[in-house]
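Next up, work.txt (compact mmCIF, C-alpha atoms):
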# COMPACT_ATOMS: atom_id res chain seq x y z
CA MET O 1 -53.62 -43.66 -60.89
CA LYS O 2 -54.54 -47.24 -60.15
CA THR O 3 -57.10 -48.20 -57.57
CA ILE O 4 -56.36 -50.57 -54.68
CA ASP O 5 -58.53 -53.17 -56.48
CA GLN O 6 -56.29 -52.94 -59.52
CA LEU O 7 -53.06 -53.00 -57.56
CA ALA O 8 -54.22 -56.02 -55.57
CA ALA O 9 -55.41 -57.86 -58.66
CA GLU O 10 -52.07 -57.27 -60.40
CA HIS O 11 -50.06 -58.64 -57.50
CA GLY O 12 -49.03 -62.27 -57.90
CA PHE O 13 -50.23 -63.13 -54.41
CA PHE O 14 -53.85 -62.45 -55.33
CA GLU O 15 -53.61 -64.03 -58.77
CA GLY O 16 -56.75 -65.98 -59.52
CA LEU O 17 -58.77 -64.46 -56.69
CA PRO O 18 -62.36 -63.81 -57.88
CA ASP O 19 -62.91 -60.13 -58.67
CA ALA O 20 -65.67 -59.84 -56.10
CA VAL O 21 -63.41 -61.15 -53.35
CA THR O 22 -60.56 -58.90 -54.46
CA ALA O 23 -62.90 -55.92 -54.31
CA LEU O 24 -64.02 -56.79 -50.79
CA VAL O 25 -60.48 -57.32 -49.58
CA ALA O 26 -59.29 -54.17 -51.33
CA GLY O 27 -61.81 -52.24 -49.25
CA CYS O 28 -59.45 -52.77 -46.31
CA GLY O 29 -56.36 -51.69 -48.27
CA SER O 30 -54.36 -48.54 -48.67
CA ASN O 31 -51.15 -47.52 -50.40
CA VAL O 32 -48.06 -47.14 -48.26
CA ALA O 33 -44.54 -45.90 -48.93
CA VAL O 34 -41.71 -46.49 -46.47
CA PRO O 35 -38.27 -44.92 -46.83
CA ALA O 36 -35.20 -47.15 -46.85
CA GLY O 37 -33.98 -47.82 -43.33
CA ASP O 38 -37.35 -47.35 -41.64
CA TYR O 39 -39.04 -50.19 -39.83
CA VAL O 40 -42.26 -51.59 -41.25
CA LEU O 41 -42.75 -54.09 -38.41
CA ARG O 42 -41.47 -54.08 -34.86
CA GLU O 43 -41.26 -57.20 -32.74
CA GLY O 44 -43.94 -57.15 -30.04
CA ALA O 45 -46.01 -54.45 -31.73
CA PRO O 46 -49.59 -55.20 -32.81
CA ALA O 47 -49.77 -57.17 -36.06
CA ASP O 48 -52.48 -54.94 -37.39
CA ARG O 49 -51.69 -55.17 -41.12
CA PHE O 50 -50.26 -57.24 -43.89
CA PHE O 51 -48.58 -55.95 -47.03
CA LEU O 52 -48.37 -56.84 -50.68
CA ILE O 53 -44.94 -55.61 -51.72
CA ARG O 54 -44.99 -53.83 -55.08
CA HIS O 55 -41.52 -52.30 -55.13
CA GLY O 56 -38.49 -52.44 -52.88
CA SER O 57 -37.45 -54.98 -50.29
CA VAL O 58 -37.80 -55.66 -46.59
CA ALA O 59 -35.31 -57.45 -44.35
CA LEU O 60 -36.88 -59.59 -41.63
CA GLU O 61 -34.68 -59.39 -38.59
CA PHE O 62 -34.21 -60.55 -35.03
CA TYR O 63 -32.32 -58.28 -32.73
CA ARG O 64 -29.58 -60.16 -30.90
CA PRO O 65 -28.17 -58.39 -27.86
CA GLY O 66 -24.47 -57.96 -28.39
CA SER O 67 -24.72 -58.70 -32.12
CA GLY O 68 -27.35 -56.28 -33.34
CA PRO O 69 -30.00 -56.98 -35.96
CA GLN O 70 -29.64 -60.32 -37.75
CA THR O 71 -31.47 -60.73 -41.06
CA PHE O 72 -32.96 -64.17 -41.60
CA MET O 73 -35.02 -63.47 -44.71
CA THR O 74 -35.52 -60.74 -47.28
CA LEU O 75 -38.79 -60.18 -49.08
CA GLY O 76 -39.23 -58.28 -52.31
CA ALA O 77 -41.66 -57.25 -55.00
CA GLY O 78 -44.28 -59.93 -55.51
CA ASP O 79 -44.07 -61.19 -51.92
CA VAL O 80 -46.56 -60.90 -49.10
CA LEU O 81 -45.26 -59.44 -45.86
CA GLY O 82 -46.86 -60.26 -42.53
CA VAL O 83 -48.81 -63.32 -41.43
CA SER O 84 -49.08 -62.70 -37.68
CA TRP O 85 -52.30 -60.76 -38.23
CA LEU O 86 -53.91 -64.18 -38.79
CA VAL O 87 -52.92 -65.72 -35.47
CA GLU O 88 -53.61 -64.60 -31.93
CA PRO O 89 -52.27 -62.67 -30.07
CA TYR O 90 -51.75 -60.67 -33.28
CA VAL O 91 -48.28 -59.32 -32.55
CA TRP O 92 -45.19 -59.26 -34.76
CA HIS O 93 -42.61 -61.89 -33.89
CA HIS O 94 -39.69 -60.10 -35.56
CA ASP O 95 -38.69 -56.78 -37.02
CA GLY O 96 -39.11 -55.79 -40.66
CA ARG O 97 -36.90 -53.04 -42.07
CA ALA O 98 -37.12 -51.49 -45.52
CA VAL O 99 -33.78 -52.12 -47.24
CA GLU O 100 -34.84 -50.16 -50.28
CA PRO O 101 -37.67 -47.64 -50.53
CA LEU O 102 -40.80 -49.70 -50.11
CA ARG O 103 -44.09 -49.32 -51.94
CA ALA O 104 -46.82 -51.67 -50.91
CA VAL O 105 -50.50 -52.14 -50.44
CA ALA O 106 -51.26 -52.45 -46.72
CA PHE O 107 -54.40 -54.23 -45.55
CA ASP O 108 -55.99 -53.40 -42.22
CA ALA O 109 -56.16 -56.61 -40.19
CA GLN O 110 -59.14 -55.73 -38.03
CA CYS O 111 -61.14 -54.79 -41.11
CA LEU O 112 -60.13 -58.01 -42.89
CA ARG O 113 -60.77 -60.28 -39.92
CA ALA O 114 -64.25 -58.78 -39.58
CA LYS O 115 -64.96 -59.48 -43.26
CA CYS O 116 -63.62 -63.02 -42.96
CA ASP O 117 -65.81 -63.66 -39.91
CA ALA O 118 -68.85 -62.31 -41.71
CA GLU O 119 -68.07 -64.07 -44.99
CA PRO O 120 -66.06 -67.28 -44.45
CA ALA O 121 -65.56 -67.67 -48.22
CA ILE O 122 -63.28 -64.63 -48.10
CA GLY O 123 -61.30 -66.15 -45.26
CA TYR O 124 -61.04 -69.44 -47.14
CA ALA O 125 -59.85 -67.69 -50.30
CA LEU O 126 -57.22 -65.79 -48.32
CA MET O 127 -56.10 -68.93 -46.50
CA ARG O 128 -55.62 -70.66 -49.84
CA ARG O 129 -53.07 -67.97 -50.62
CA PHE O 130 -51.42 -67.58 -47.24
CA VAL O 131 -50.96 -71.28 -46.48
CA PRO O 132 -48.92 -72.10 -49.64
CA ALA O 133 -46.76 -69.04 -48.99
CA LEU O 134 -46.21 -70.19 -45.43
CA VAL O 135 -45.39 -73.74 -46.54
CA ASP O 136 -42.92 -72.42 -49.13
CA ARG O 137 -41.23 -70.28 -46.49
CA MET O 138 -41.15 -73.06 -43.93
CA HIS O 139 -39.56 -75.41 -46.46
CA ALA O 140 -37.04 -72.76 -47.48
CA ALA O 141 -36.21 -72.07 -43.82
CA ARG O 142 -35.58 -75.77 -43.23
CA LEU O 143 -33.16 -75.93 -46.14
CA GLN O 144 -31.52 -72.70 -45.02
CA ALA O 145 -31.01 -74.22 -41.57
CA LEU O 146 -29.51 -77.38 -43.10
CA ASP O 147 -26.62 -75.35 -44.52
CA VAL O 148 -26.70 -77.39 -47.73
CA TYR O 149 -23.93 -75.45 -49.44
CA GLY O 150 -21.40 -76.38 -46.80
CA ALA O 151 -18.77 -79.00 -47.57
CA PRO O 152 -20.13 -82.56 -47.36
CA THR O 153 -19.19 -84.32 -44.15
CA MET J 1 -9.50 -88.03 -82.27
CA ARG J 2 -8.11 -88.89 -78.87
CA PRO J 3 -8.78 -92.31 -77.33
CA PRO J 4 -11.62 -91.78 -74.85
CA LEU J 5 -9.64 -92.69 -71.74
CA ALA J 6 -6.32 -91.05 -72.60
CA PRO J 7 -5.65 -87.90 -70.56
CA VAL J 8 -4.03 -84.96 -72.26
CA PRO J 9 -1.56 -83.01 -70.14
CA LEU J 10 -2.50 -79.35 -70.06
CA ARG J 11 -0.60 -76.56 -68.40
CA VAL J 12 -2.27 -74.38 -65.77
CA ARG J 13 -2.13 -70.89 -67.21
CA ALA J 14 -3.79 -69.13 -64.27
CA CYS J 15 -5.57 -69.78 -61.00
CA ARG J 16 -8.37 -67.47 -59.93
CA GLN J 17 -9.29 -67.63 -56.27
CA GLU J 18 -13.09 -67.39 -56.31
CA THR J 19 -13.73 -67.92 -52.59
CA ALA J 20 -11.71 -69.23 -49.66
CA GLU J 21 -12.49 -72.78 -50.81
CA ALA J 22 -13.00 -72.51 -54.55
CA VAL J 23 -10.55 -71.79 -57.31
CA THR J 24 -10.90 -71.60 -61.07
CA LEU J 25 -8.15 -73.32 -63.01
CA VAL J 26 -7.50 -71.79 -66.41
CA LEU J 27 -5.89 -74.45 -68.57
CA ALA J 28 -4.03 -73.64 -71.74
CA ALA J 29 -5.91 -75.90 -74.10
CA GLY J 30 -4.81 -74.31 -77.34
CA GLU J 31 -5.97 -76.25 -80.36
CA GLU J 32 -7.37 -78.94 -78.07
CA ARG J 33 -10.03 -76.52 -76.69
CA THR J 34 -12.88 -77.41 -79.01
CA GLY J 35 -12.48 -81.03 -78.11
CA PHE J 36 -13.14 -80.42 -74.44
CA GLY J 37 -16.81 -79.88 -74.40
CA GLN J 38 -19.90 -77.78 -74.17
CA PRO J 39 -21.71 -76.17 -71.22
CA GLY J 40 -22.87 -78.78 -68.73
CA GLN J 41 -20.40 -81.44 -69.83
CA PHE J 42 -17.50 -82.44 -67.65
CA ASN J 43 -13.88 -83.50 -67.92
CA MET J 44 -11.91 -85.84 -65.72
CA LEU J 45 -9.09 -83.82 -64.19
CA ALA J 46 -6.05 -85.61 -62.83
CA PRO J 47 -3.44 -83.89 -60.71
CA LEU J 48 -0.55 -86.14 -61.51
CA GLY J 49 -0.10 -89.01 -59.09
CA ILE J 50 -3.15 -88.19 -56.95
CA GLY J 51 -6.23 -89.44 -58.81
CA GLU J 52 -9.05 -88.15 -60.97
CA ALA J 53 -12.17 -86.10 -60.37
CA ALA J 54 -15.08 -85.21 -62.62
CA ILE J 55 -15.28 -81.43 -62.89
CA SER J 56 -17.78 -79.53 -65.02
CA LEU J 57 -16.69 -76.89 -67.47
CA SER J 58 -17.10 -73.44 -65.94
CA GLY J 59 -15.68 -71.22 -68.65
CA PRO J 60 -17.28 -69.61 -71.68
CA PRO J 61 -17.38 -72.03 -74.61
CA THR J 62 -15.83 -69.36 -76.81
CA SER J 63 -12.74 -68.99 -74.63
CA PRO J 64 -9.52 -70.38 -76.06
CA ASP J 65 -8.69 -71.64 -72.58
CA LEU J 66 -10.40 -74.35 -70.62
CA GLU J 67 -11.83 -73.33 -67.25
CA HIS J 68 -12.86 -75.58 -64.39
CA THR J 69 -13.92 -74.32 -60.98
CA VAL J 70 -13.04 -76.61 -58.11
CA ARG J 71 -14.00 -76.60 -54.47
CA SER J 72 -11.94 -78.65 -52.11
CA VAL J 73 -13.93 -81.59 -50.78
CA GLY J 74 -11.38 -84.41 -50.95
CA ALA J 75 -7.81 -85.37 -51.83
CA VAL J 76 -8.10 -84.84 -55.59
CA SER J 77 -10.05 -81.60 -55.44
CA GLU J 78 -7.70 -80.30 -52.74
CA ALA J 79 -4.72 -81.10 -54.99
CA LEU J 80 -6.46 -79.25 -57.83
CA ARG J 81 -7.22 -76.31 -55.57
CA ARG J 82 -3.56 -76.06 -54.61
CA MET J 83 -2.32 -75.98 -58.22
CA ARG J 84 -0.32 -73.01 -59.38
CA PRO J 85 0.37 -71.51 -62.81
CA GLY J 86 2.82 -73.70 -64.68
CA ASP J 87 1.64 -76.95 -63.11
CA TRP J 88 0.37 -79.73 -65.32
CA VAL J 89 -2.94 -81.51 -65.04
CA GLY J 90 -4.19 -84.52 -66.98
CA VAL J 91 -7.49 -83.90 -68.74
CA ARG J 92 -9.72 -86.39 -70.47
CA GLY J 93 -13.18 -85.84 -71.82
CA PRO J 94 -15.56 -84.24 -72.50
CA TYR J 95 -18.15 -86.60 -71.16
CA GLY J 96 -21.90 -86.68 -70.75
CA PHE J 97 -24.76 -84.56 -71.99
CA GLY J 98 -24.77 -80.85 -71.20
CA TRP J 99 -27.45 -78.17 -70.98
CA PRO J 100 -29.95 -78.39 -73.88
CA ILE J 101 -29.52 -74.78 -74.89
CA ASP J 102 -31.04 -75.32 -78.33
CA LEU J 103 -34.25 -76.46 -76.65
CA ALA J 104 -34.43 -73.14 -74.80
CA ARG J 105 -34.33 -71.01 -77.93
CA GLY J 106 -37.44 -68.87 -78.24
CA GLN J 107 -38.41 -69.55 -74.64
CA ASP J 108 -37.95 -67.87 -71.29
CA VAL J 109 -34.91 -69.26 -69.51
CA VAL J 110 -34.73 -69.63 -65.74
CA LEU J 111 -31.35 -70.59 -64.30
CA VAL J 112 -31.22 -71.57 -60.64
CA ALA J 113 -27.84 -72.13 -59.04
CA GLY J 114 -26.83 -73.02 -55.52
CA GLY J 115 -23.31 -72.80 -54.09
CA ILE J 116 -20.66 -74.24 -56.40
CA GLY J 117 -23.53 -75.10 -58.78
CA LEU J 118 -23.11 -71.73 -60.43
CA ALA J 119 -19.92 -73.04 -62.04
CA PRO J 120 -21.53 -75.53 -64.47
CA LEU J 121 -24.22 -72.96 -65.30
CA ARG J 122 -21.79 -70.14 -66.03
CA PRO J 123 -20.94 -71.24 -69.60
CA ALA J 124 -24.64 -71.79 -70.29
CA ILE J 125 -25.39 -68.25 -69.13
CA GLU J 126 -22.64 -66.87 -71.35
CA MET J 127 -23.89 -68.86 -74.31
CA VAL J 128 -27.44 -67.58 -73.82
CA LEU J 129 -26.17 -64.00 -73.50
CA ASP J 130 -24.01 -64.36 -76.61
CA GLU J 131 -27.22 -65.00 -78.54
CA ARG J 132 -29.52 -62.98 -76.31
CA ALA J 133 -32.08 -62.22 -79.02
CA ALA J 134 -32.75 -65.92 -79.52
CA PHE J 135 -34.30 -66.27 -76.06
CA GLY J 136 -37.21 -64.74 -74.17
CA ARG J 137 -36.77 -63.50 -70.61
CA VAL J 138 -33.59 -64.65 -68.91
CA LEU J 139 -33.56 -64.95 -65.13
CA LEU J 140 -30.73 -66.11 -62.90
CA LEU J 141 -31.45 -66.99 -59.28
CA TYR J 142 -28.33 -67.73 -57.27
CA GLY J 143 -28.12 -68.89 -53.69
CA ALA J 144 -24.89 -68.97 -51.73
CA ARG J 145 -24.03 -69.78 -48.13
CA THR J 146 -22.70 -66.33 -47.21
CA PRO J 147 -21.71 -63.22 -49.18
CA ALA J 148 -18.08 -64.40 -49.05
CA ASP J 149 -19.07 -67.70 -50.70
CA ARG J 150 -20.46 -66.11 -53.86
CA LEU J 151 -18.63 -67.22 -56.99
CA PHE J 152 -17.79 -65.12 -60.05
CA LEU J 153 -18.46 -61.71 -58.49
CA ALA J 154 -17.33 -59.81 -61.58
CA ASP J 155 -19.59 -61.91 -63.79
CA LEU J 156 -22.55 -61.43 -61.45
CA GLU J 157 -22.05 -57.66 -61.65
CA ARG J 158 -21.70 -57.78 -65.43
CA TRP J 159 -24.84 -59.89 -65.83
CA ARG J 160 -26.75 -57.72 -63.35
CA SER J 161 -25.80 -54.56 -65.23
CA ARG J 162 -27.55 -55.80 -68.36
CA PRO J 163 -31.13 -54.62 -68.79
CA ASP J 164 -32.10 -57.85 -70.52
CA VAL J 165 -31.22 -60.20 -67.66
CA ASP J 166 -32.79 -60.47 -64.22
CA VAL J 167 -30.24 -61.51 -61.63
CA ALA J 168 -31.21 -62.22 -58.04
CA VAL J 169 -28.71 -63.37 -55.44
CA SER J 170 -29.58 -64.54 -51.99
CA VAL J 171 -27.42 -65.85 -49.15
CA ASP J 172 -28.38 -68.17 -46.33
CA TYR J 173 -26.43 -66.29 -43.68
CA ALA J 174 -25.32 -62.68 -43.64
CA GLU J 175 -23.42 -60.46 -41.28
CA PRO J 176 -24.96 -57.14 -40.23
CA GLY J 177 -24.50 -54.60 -42.97
CA TRP J 178 -25.25 -56.93 -45.89
CA GLN J 179 -27.76 -55.11 -48.08
CA GLY J 180 -28.57 -57.99 -50.39
CA ARG J 181 -31.16 -60.71 -50.00
CA VAL J 182 -31.15 -63.32 -47.28
CA GLY J 183 -32.99 -66.63 -47.58
CA PHE J 184 -32.78 -69.96 -49.34
CA VAL J 185 -32.78 -69.75 -53.11
CA THR J 186 -36.27 -71.28 -53.38
CA ALA J 187 -37.69 -68.30 -51.47
CA MET J 188 -37.13 -66.24 -54.63
CA LEU J 189 -39.24 -68.54 -56.80
CA PRO J 190 -42.67 -67.19 -55.80
CA GLN J 191 -41.68 -63.90 -57.42
CA LEU J 192 -40.96 -65.61 -60.70
CA ARG J 193 -43.04 -64.00 -63.43
CA VAL J 194 -42.64 -66.14 -66.52
CA ASP J 195 -44.98 -67.86 -68.89
CA PRO J 196 -44.69 -71.44 -67.58
CA ALA J 197 -45.82 -72.94 -70.88
CA ARG J 198 -42.83 -71.41 -72.67
CA THR J 199 -40.16 -71.61 -70.01
CA VAL J 200 -37.11 -73.83 -69.79
CA ALA J 201 -35.31 -74.09 -66.45
CA PHE J 202 -31.76 -75.22 -65.69
CA ALA J 203 -30.81 -75.94 -62.08
CA CYS J 204 -27.54 -76.94 -60.51
CA GLY J 205 -26.54 -77.26 -56.88
CA PRO J 206 -26.77 -79.70 -54.00
CA GLU J 207 -29.28 -82.44 -54.77
CA VAL J 208 -31.55 -81.49 -51.87
CA MET J 209 -31.69 -77.97 -53.28
CA MET J 210 -32.44 -79.17 -56.81
CA ARG J 211 -35.28 -81.36 -55.54
CA ALA J 212 -36.84 -78.35 -53.87
CA VAL J 213 -36.27 -76.14 -56.90
CA ALA J 214 -37.76 -78.67 -59.31
CA THR J 215 -40.81 -79.16 -57.12
CA ALA J 216 -41.31 -75.41 -56.81
CA LEU J 217 -40.88 -74.82 -60.55
CA GLN J 218 -43.34 -77.58 -61.32
CA ALA J 219 -45.80 -76.06 -58.85
CA ARG J 220 -45.57 -72.87 -60.87
CA GLY J 221 -46.66 -74.69 -63.97
CA ILE J 222 -43.36 -75.43 -65.67
CA ARG J 223 -43.40 -78.87 -67.27
CA LYS J 224 -41.16 -81.57 -65.84
CA SER J 225 -39.71 -82.13 -69.29
CA ALA J 226 -38.65 -78.47 -69.41
CA ILE J 227 -36.77 -78.57 -66.10
CA PHE J 228 -33.16 -79.76 -66.32
CA LEU J 229 -30.98 -80.75 -63.38
CA SER J 230 -27.27 -81.45 -63.33
CA MET J 231 -26.72 -84.53 -61.21
CA GLU J 232 -23.61 -85.27 -59.24
CA ARG J 233 -22.42 -88.77 -58.42
CA ASN J 234 -19.04 -90.33 -57.78
CA MET J 235 -17.79 -90.73 -61.33
CA LYS J 236 -14.73 -92.86 -61.95
CA CYS J 237 -14.44 -93.95 -65.57
CA GLY J 238 -16.61 -91.22 -67.09
CA VAL J 239 -17.68 -93.43 -69.96
CA GLY J 240 -20.39 -95.65 -68.49
CA THR J 241 -18.25 -98.68 -67.87
CA CYS J 242 -17.44 -98.92 -64.16
CA GLY J 243 -20.91 -98.29 -62.74
CA HIS J 244 -19.78 -96.08 -59.85
CA CYS J 245 -22.21 -93.34 -60.80
CA GLN J 246 -25.25 -95.55 -61.25
CA PHE J 247 -28.48 -93.78 -60.39
CA GLY J 248 -31.40 -96.17 -60.81
CA PRO J 249 -31.49 -97.13 -64.48
CA TYR J 250 -29.00 -94.42 -65.42
CA LEU J 251 -25.28 -93.92 -65.34
CA VAL J 252 -24.81 -90.25 -64.56
CA CYS J 253 -21.57 -89.96 -66.53
CA ARG J 254 -23.05 -91.49 -69.66
CA ASP J 255 -26.74 -90.53 -69.51
CA GLY J 256 -26.25 -87.19 -67.72
CA PRO J 257 -25.00 -85.30 -65.88
CA VAL J 258 -27.82 -83.07 -67.13
CA PHE J 259 -31.19 -84.80 -67.04
CA ALA J 260 -34.72 -83.65 -67.71
CA TYR J 261 -36.65 -83.74 -64.46
CA ASP J 262 -39.30 -86.07 -65.90
CA ARG J 263 -36.62 -88.79 -65.97
CA LEU J 264 -35.61 -88.16 -62.35
CA ALA J 265 -38.77 -87.18 -60.50
CA ASP J 266 -39.63 -90.71 -59.37
CA LEU J 267 -36.02 -91.57 -58.52
CA LEU J 268 -34.90 -88.56 -56.53
CA PRO J 269 -36.97 -89.30 -53.42
CA VAL J 270 -35.73 -92.92 -53.31
CA ARG J 271 -32.87 -92.90 -50.83
CA GLU J 272 -31.84 -96.49 -51.58
CA ILE J 273 -30.50 -95.51 -54.99
Final structure tokens representation of the file:
Amino acid sequence: MKTIDQLAAEHGFFEGLPDAVTALVAGCGSNVAVPAGDYVLREGAPADRFFLIRHGSVALEFYRPGSGPQTFMTLGAGDVLGVSWLVEPYVWHHDGRAVEPLRAVAFDAQCLRAKCDAEPAIGYALMRRFVPALVDRMHAARLQALDVYGAPT
Amino acid sequence: MRPPLAPVPLRVRACRQETAEAVTLVLAAGEERTGFGQPGQFNMLAPLGIGEAAISLSGPPTSPDLEHTVRSVGAVSEALRRMRPGDWVGVRGPYGFGWPIDLARGQDVVLVAGGIGLAPLRPAIEMVLDERAAFGRVLLLYGARTPADRLFLADLERWRSRPDVDVAVSVDYAEPGWQGRVGFVTAMLPQLRVDPARTVAFACGPEVMMRAVATALQARGIRKSAIFLSMERNMKCGVGTCGHCQFGPYLVCRDGPVFAYDRLADLLPVREI
């Protein structure tokens, strides 16, 4: 059975992270499994974790009264799930539902924030991974909103 | 050999409705088939009396028929979309340079398609799969507007069922109940696990999508010279004479439509061209 250190190091999101930093971060991690259909995140609930998805997929959704849940993005193996743990007030801004059985490494946010405060190099190393992921997603969301596959007008 | 600008009348053998807006015309090419091109090349299709449009080949190169997939965006493409079996269409070509499949041999192959852009990639995918052992990992990432806008559903299922191909499909908008992925096609690129030093990528779709794809692939270490984009411009003559499809120093019909990204990277952000 692999340790959290090994699972984290194997995940693309932590690729290139120094072993010592991975080990420190992994100290806040645990394995989680979520059945298909269950919610991993709930809008308004405390953003107390983030996840490195190893298997399965998660639909990020907004609930629209009268329409039901509306998926705006799906994340899968190799992705990181959850960034609201980085930003006050540390609450989820949308729902996250496992579409397929999910296996992930979950990292406790309070534990990680404490380590980042105590050792800014850890925070910097994590930011260097979260910020590109956020920029990629923001850019993708812009193109998604542009409806580029529609007929030219 | 046919004169380069002389259309050959071909009969429409079948029309496959791919989506509400897109149809695949199956043309009975017969012994003319081998003269009508390789994956990534295009033919000029002329519904009689309407005009001409440059349409990429979308059928397997081994098929005895000629296939072109058309989405209605103007008078000519609408006339093509409305064609029925037994109609005649003028065809001249093939023109341009297609996908450099030989260059991809021995390497991982990443194919990224957006919208109708899956059509020009379809024959390349089939050609790679026909000689599957000659290539490393094969990954197809396909983005469509909605689930109903996905092209070639039977092909997607067939490709997905193979253990030696990774197929990921994502849509920009989905109704409740859709179990597949949602998100722009570039959102799937961070999960790409290939050896960038031995990867060749082919991308086809709206230009704004291809710019984003090429940038993202490059950021993952794939060389510009190993990323190939199929450009679309308003092509009239198809043979590099009229200049309608000029793109900087290039004529897309003559020098493309498939270009290595290292030839385009400095030109794509320039809106004046």
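Proximity to Leu52 in chain O at 7 Å, evaluated using only C-alpha atoms and with sequence-adjacent residues fewer than 3 positions away removed, yields Asp79, Val80, Leu81, Ala104, Val105 and Ala106 of chain O.
Using all atoms listed in the file, the smallest distance between any of O:Asp95, O:Glu43, O:Asp5, O:Glu10 and Ala23 in chain O comes from O:Asp5.
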Chain J residues near chain O (7 Å cut-off, all atoms listed in the file) as a ChimeraX atom specification: /J:73,115,144-145,172,174,176,179,181-184,186-187,191,206
For CA of Gly90 in chain J and CA of Thr62 in chain J, determine how far apart the two atoms are, in Å to one decimal place. 21.5 Å
Give as an MDAnalysis selection string each residue that has an atom at most 10 Å from (-42.0, -65.6, -62.7) in the file, counting all atoms listed in the file. (chainID O and resid 12 78) or (chainID J and resid 108 110 137 139 188:196 199 217 220)
So that I can check the surroundings of range 200-203 of chain J, please list as a tab-separated table (two decimals) with C-alpha atoms, in the coordinates of the input every protein, DNA and RNA residue that reaches within 9 Å of it, counting only C-alpha atoms and ignoring chain neighbours fewer than 6 positions away.
chain	number	residue	atom	x	y	z
J	99	TRP	CA	-27.45	-78.17	-70.98
J	100	PRO	CA	-29.95	-78.39	-73.88
J	103	LEU	CA	-34.25	-76.46	-76.65
J	104	ALA	CA	-34.43	-73.14	-74.80
J	107	GLN	CA	-38.41	-69.55	-74.64
J	108	ASP	CA	-37.95	-67.87	-71.29
J	109	VAL	CA	-34.91	-69.26	-69.51
J	110	VAL	CA	-34.73	-69.63	-65.74
J	111	LEU	CA	-31.35	-70.59	-64.30
J	112	VAL	CA	-31.22	-71.57	-60.64
J	113	ALA	CA	-27.84	-72.13	-59.04
J	114	GLY	CA	-26.83	-73.02	-55.52
J	117	GLY	CA	-23.53	-75.10	-58.78
J	118	LEU	CA	-23.11	-71.73	-60.43
J	121	LEU	CA	-24.22	-72.96	-65.30
J	210	MET	CA	-32.44	-79.17	-56.81
J	213	VAL	CA	-36.27	-76.14	-56.90
J	214	ALA	CA	-37.76	-78.67	-59.31
J	217	LEU	CA	-40.88	-74.82	-60.55
J	222	ILE	CA	-43.36	-75.43	-65.67
J	223	ARG	CA	-43.40	-78.87	-67.27
J	225	SER	CA	-39.71	-82.13	-69.29
J	226	ALA	CA	-38.65	-78.47	-69.41
J	227	ILE	CA	-36.77	-78.57	-66.10
J	228	PHE	CA	-33.16	-79.76	-66.32
J	229	LEU	CA	-30.98	-80.75	-63.38
J	230	SER	CA	-27.27	-81.45	-63.33
J	258	VAL	CA	-27.82	-83.07	-67.13
Contact residues around Cys28 in chain O with all atoms listed in the file at 6 Å, ignoring same-chain residues under 2 positions, as a compact mmCIF listing (two decimals) with C-alpha atoms, keeping the file's coordinate frame:
# COMPACT_ATOMS: atom_id res chain seq x y z
CA VAL O 25 -60.48 -57.32 -49.58
CA ALA O 26 -59.29 -54.17 -51.33
CA PHE O 107 -54.40 -54.23 -45.55
CA ASP O 108 -55.99 -53.40 -42.22
CA CYS O 111 -61.14 -54.79 -41.11
